[in-house]
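Coordinates from run.cif are shown below (mmCIF, C-alpha atoms).
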data_final
#
loop_
_atom_site.label_atom_id
_atom_site.label_comp_id
_atom_site.auth_asym_id
_atom_site.auth_seq_id
_atom_site.Cartn_x
_atom_site.Cartn_y
_atom_site.Cartn_z
CA VAL A 1 52.49 85.47 4.46
CA GLY A 2 51.35 82.71 6.77
CA GLY A 3 53.34 80.13 4.86
CA GLY A 4 53.86 77.75 7.78
CA SER A 5 51.52 75.41 5.95
CA ILE A 6 51.02 75.24 2.20
CA GLY A 7 47.43 76.23 1.39
CA ALA A 8 45.20 74.66 -1.23
CA GLY A 9 46.38 75.70 -4.68
CA ALA A 10 49.75 77.03 -3.51
CA GLU A 11 51.60 73.77 -4.14
CA ALA A 12 52.42 74.85 -7.71
CA LEU A 13 54.31 77.91 -6.43
CA TYR A 14 56.54 75.75 -4.24
CA GLU A 15 57.15 73.25 -7.03
CA ASP A 16 57.97 75.81 -9.76
CA SER A 17 61.77 76.16 -10.07
CA GLY A 18 61.27 79.58 -11.69
CA VAL A 19 59.60 80.96 -8.57
CA THR A 20 61.53 81.89 -5.45
CA VAL A 21 59.20 81.41 -2.49
CA ILE A 22 59.92 83.12 0.82
CA GLY A 23 57.55 81.40 3.22
CA SER A 24 56.91 83.56 6.26
CA ASP A 25 54.97 82.84 9.43
CA ILE A 26 55.05 83.63 13.13
CA TYR A 27 56.59 80.22 13.81
CA GLY A 28 59.36 78.27 12.18
CA ASN A 29 58.98 74.94 10.41
CA ALA A 30 60.06 73.24 7.17
CA ASN A 31 57.99 75.68 5.04
CA THR A 32 59.06 78.82 6.87
CA ASP A 33 62.04 80.75 5.54
CA LEU A 34 61.32 83.91 7.51
CA VAL A 35 59.84 84.02 11.01
CA ALA A 36 57.95 87.31 10.98
CA ASP A 37 54.68 88.98 11.86
CA GLY A 38 52.62 90.12 8.85
CA HIS A 39 52.00 93.45 10.58
CA CYS A 40 55.67 94.32 10.03
CA ILE A 41 57.20 92.32 7.18
CA PRO A 42 61.01 92.58 7.36
CA LEU A 43 61.51 93.03 3.61
CA ALA A 44 62.47 96.15 1.68
CA ASP A 45 59.88 98.31 -0.05
CA GLY A 46 59.03 96.96 -3.49
CA SER A 47 61.17 93.85 -3.04
CA VAL A 48 58.76 91.09 -4.12
CA HIS A 49 56.67 90.39 -7.22
CA GLY A 50 53.79 88.63 -5.51
CA VAL A 51 52.24 87.85 -2.15
CA TRP A 52 50.03 84.86 -1.35
CA ILE A 53 48.08 85.17 1.91
CA GLN A 54 45.58 82.40 2.51
CA ALA A 55 43.51 81.87 5.67
CA VAL A 56 45.68 84.30 7.63
CA LEU A 57 43.93 87.66 7.82
CA GLU A 58 41.32 86.32 10.23
CA HIS A 59 44.14 85.54 12.67
CA VAL A 60 45.83 88.94 12.73
CA LEU A 61 44.84 91.78 15.03
CA GLU A 62 45.00 94.50 12.37
CA PRO A 63 44.20 93.13 8.89
CA HIS A 64 44.34 96.63 7.34
CA ARG A 65 47.90 97.03 8.58
CA VAL A 66 48.88 93.66 7.06
CA ALA A 67 47.30 94.71 3.74
CA ARG A 68 49.34 97.94 3.84
CA GLU A 69 52.51 95.91 4.50
CA ILE A 70 51.73 93.68 1.53
CA HIS A 71 51.28 96.79 -0.60
CA ARG A 72 54.59 98.19 0.69
CA VAL A 73 56.72 95.11 -0.06
CA LEU A 74 55.23 94.56 -3.52
CA GLY A 75 57.06 96.01 -6.49
CA VAL A 76 55.44 98.10 -9.18
CA ARG A 77 52.47 96.18 -10.57
CA GLY A 78 53.07 93.38 -8.03
CA VAL A 79 50.29 90.85 -7.50
CA VAL A 80 48.47 89.79 -4.34
CA TYR A 81 46.25 86.74 -3.86
CA ALA A 82 44.27 86.64 -0.62
CA GLU A 83 41.68 84.22 0.77
CA THR A 84 39.78 85.00 3.93
CA PRO A 85 36.82 83.34 5.67
CA PHE A 86 33.41 84.94 5.59
CA MET A 87 30.69 82.62 6.91
CA GLN A 88 32.88 80.18 8.80
CA GLN A 89 32.81 79.26 12.45
CA VAL A 90 35.68 80.21 14.71
CA HIS A 91 38.82 78.15 14.26
CA GLU A 92 42.03 78.36 16.29
CA GLY A 93 39.95 79.65 19.19
CA ALA A 94 41.39 82.75 20.81
CA TYR A 95 43.48 83.47 17.70
CA ASP A 96 40.53 84.03 15.35
CA PHE A 97 39.49 87.69 15.11
CA SER A 98 37.87 88.73 11.82
CA ARG A 99 35.66 87.81 8.88
CA PHE A 100 35.22 89.66 5.59
CA THR A 101 32.37 90.03 3.14
CA ALA A 102 33.35 90.31 -0.53
CA SER A 103 33.00 94.10 -0.36
CA GLY A 104 34.89 94.25 2.96
CA HIS A 105 37.69 92.23 1.39
CA ARG A 106 37.71 94.59 -1.58
CA TRP A 107 37.98 97.59 0.76
CA LEU A 108 40.84 95.90 2.59
CA PHE A 109 42.73 95.70 -0.72
CA ARG A 110 41.67 99.11 -2.02
CA GLY A 111 45.27 99.97 -3.01
CA PHE A 112 45.08 97.30 -5.72
CA ASP A 113 43.36 96.98 -9.07
CA GLN A 114 41.04 93.99 -8.91
CA LEU A 115 41.88 91.25 -11.40
CA ASP A 116 39.42 88.73 -9.96
CA ALA A 117 37.44 88.12 -6.79
CA GLY A 118 34.67 85.91 -5.52
CA ALA A 119 33.69 83.03 -3.30
CA THR A 120 36.18 80.28 -2.46
CA ARG A 121 33.44 77.92 -1.31
CA GLY A 122 29.74 78.58 -1.37
CA PRO A 123 26.62 78.22 0.74
CA GLY A 124 26.54 74.40 0.51
CA THR A 125 29.87 74.25 2.33
CA VAL A 126 28.59 76.82 4.84
CA MET A 127 25.63 74.52 5.58
CA ILE A 128 27.94 71.57 6.28
CA TRP A 129 30.03 73.69 8.68
CA SER A 130 26.86 74.95 10.37
CA ILE A 131 25.41 71.44 10.79
CA ARG A 132 28.72 70.23 12.19
CA HIS A 133 28.91 73.01 14.76
CA LEU A 134 25.22 72.81 15.69
CA VAL A 135 25.45 69.09 16.43
CA ARG A 136 28.79 69.62 18.20
CA ALA A 137 27.19 72.24 20.46
CA ILE A 138 24.04 70.21 21.20
CA PHE A 139 25.89 67.00 22.05
CA ARG A 140 29.09 68.67 23.33
CA SER A 141 31.03 66.33 21.09
CA ASN A 142 33.43 66.93 18.21
CA LYS A 143 32.87 63.34 17.06
CA ALA A 144 29.11 63.83 16.83
CA GLY A 145 29.63 67.04 14.87
CA THR A 146 32.01 65.32 12.47
CA ALA A 147 29.59 62.42 11.96
CA ALA A 148 26.74 64.84 11.20
CA ALA A 149 28.90 66.76 8.72
CA MET A 150 29.84 63.52 6.99
CA ALA A 151 26.17 62.66 6.56
CA PHE A 152 25.67 65.92 4.69
CA PHE A 153 28.92 65.90 2.64
CA TRP A 154 26.88 66.08 -0.55
CA LEU A 155 25.78 69.65 0.19
CA ARG A 156 29.18 70.92 -0.96
CA TYR A 157 28.36 69.82 -4.51
CA LEU A 158 25.49 72.33 -4.55
CA ASP A 159 28.16 75.06 -4.54
CA ARG A 160 28.80 74.19 -8.20
CA LEU A 161 25.22 75.13 -9.06
CA THR A 162 25.36 78.59 -7.52
CA ASP A 163 25.87 81.84 -9.38
CA GLY A 164 28.99 83.59 -8.05
CA ARG A 165 27.16 86.92 -7.69
CA PHE A 166 24.77 85.30 -5.23
CA ALA A 167 27.19 82.84 -3.64
CA ALA A 168 29.46 85.66 -2.46
CA ASP A 169 26.75 86.84 -0.05
CA SER A 170 26.73 83.47 1.69
CA ALA A 171 30.22 82.19 0.91
CA SER A 172 32.35 80.17 3.27
CA GLY A 173 35.25 82.35 2.21
CA VAL A 174 36.20 85.02 -0.30
CA PHE A 175 39.25 85.58 -2.45
CA PHE A 176 40.85 88.64 -4.00
CA LEU A 177 43.40 88.74 -6.79
CA GLY A 178 44.81 92.15 -7.45
CA ARG A 179 47.67 94.16 -8.90
CA LYS A 180 49.35 97.01 -7.04
CA SER A 181 47.86 100.16 -8.51
CA ARG A 182 49.72 102.96 -6.77
#
Output the file's structure as structure tokens, nothing else.
Amino acid sequence: VGGGSIGAGAEALYEDSGVTVIGSDIYGNANTDLVADGHCIPLADGSVHGVWIQAVLEHVLEPHRVAREIHRVLGVRGVVYAETPFMQQVHEGAYDFSRFTASGHRWLFRGFDQLDAGATRGPGTVMIWSIRHLVRAIFRSNKAGTAAAMAFFWLRYLDRLTDGRFAADSASGVFFLGRKSR
């Protein structure tokens, strides 16, 4: 869902000849096989083995409805992988609606048994984003914000030093990997 662009880590799915990928998005392009809204996925109940939804749920009006649709189209014991921003600034302007904490993300996918979950990027990355947007706002310049972020690129390496239990509370984004439970 939201397959108009291939997200980080999803390349292997597209390259694996044993996996049939049905890329769906609200617009058509080379990666899109099905132009559809995630609120109403035009696939039969239980018709897919897995759903990958990455950096999409913040752009939909009703994330809980999309999660229910994912649950509906997944077969018995089907798997979902979802990534959603938490402490990230607005992107795509008027089409950016929601953020999720780790526990909010878990609640969103309550119809699934959790296999894994955690932070996608930690507080070091959040600091870079914050510096970028602070400088951008002060100087009213995207270029100034980008230059400031570049000066602090090294902060992202601090994410490797964080404990996941603590990083989730200040994560740039969170992920959920789950199996359909009912």
* Asked: From the set A:Pro63, A:Gly173, A:Gly46, A:Gly3, which residue has the shortest atom-to-atom contact distance to Asn31 (chain A), counting all atoms listed in the file?
  ->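 Counting all atoms listed in the file, the residue closest to Asn31 (chain A) is A:Gly3.
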* Asked: Mind telling me what the PyMOL selection byres ((chain A and resi 51-61) around 10) catches here, as a PyMOL selection string?
  -> chain A and resi 1-3+5-10+13+21-25+37-39+48-50+62-67+70-71+73-74+78-86+90-100+173-177
* **Ala168 (chain A) environment, 10 Å, only C-alpha atoms, sequence neighbours closer than 3 positions dropped, as a ChimeraX atom specification** => /A:86-87,101-103,117-123,162-165,171-175
How would the residues just picked look written out with C-alpha atoms as a compact mmCIF listing (two decimals), in the frame of the given file?
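The result, stored in out-v4.txt:
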# COMPACT_ATOMS: atom_id res chain seq x y z
CA PHE A 86 33.41 84.94 5.59
CA MET A 87 30.69 82.62 6.91
CA THR A 101 32.37 90.03 3.14
CA ALA A 102 33.35 90.31 -0.53
CA SER A 103 33.00 94.10 -0.36
CA ALA A 117 37.44 88.12 -6.79
CA GLY A 118 34.67 85.91 -5.52
CA ALA A 119 33.69 83.03 -3.30
CA THR A 120 36.18 80.28 -2.46
CA ARG A 121 33.44 77.92 -1.31
CA GLY A 122 29.74 78.58 -1.37
CA PRO A 123 26.62 78.22 0.74
CA THR A 162 25.36 78.59 -7.52
CA ASP A 163 25.87 81.84 -9.38
CA GLY A 164 28.99 83.59 -8.05
CA ARG A 165 27.16 86.92 -7.69
CA ALA A 171 30.22 82.19 0.91
CA SER A 172 32.35 80.17 3.27
CA GLY A 173 35.25 82.35 2.21
CA VAL A 174 36.20 85.02 -0.30
CA PHE A 175 39.25 85.58 -2.45
* Determine the nearest neighbour of Gly28 (chain A) from the options A:Gly4, A:Gly111, A:Pro42, A:Gly75, counting all atoms listed in the file. => A:Gly4
* **Resolved residues for the PyMOL selection byres ((chain A and resi 182) around 10) as a ChimeraX atom specification** => /A:71,76-77,111-113,179-181
* Selection near Ala151 (chain A), 12 Å with all atoms listed in the file, sequence-local residues under 5 positions removed, as a PyMOL selection string -> chain A and resi 127-129+131-132+135+144-146+156
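Atom pair CA of Gly178 (chain A) / CA of Asp16 (chain A): separated by 21.1 Å.
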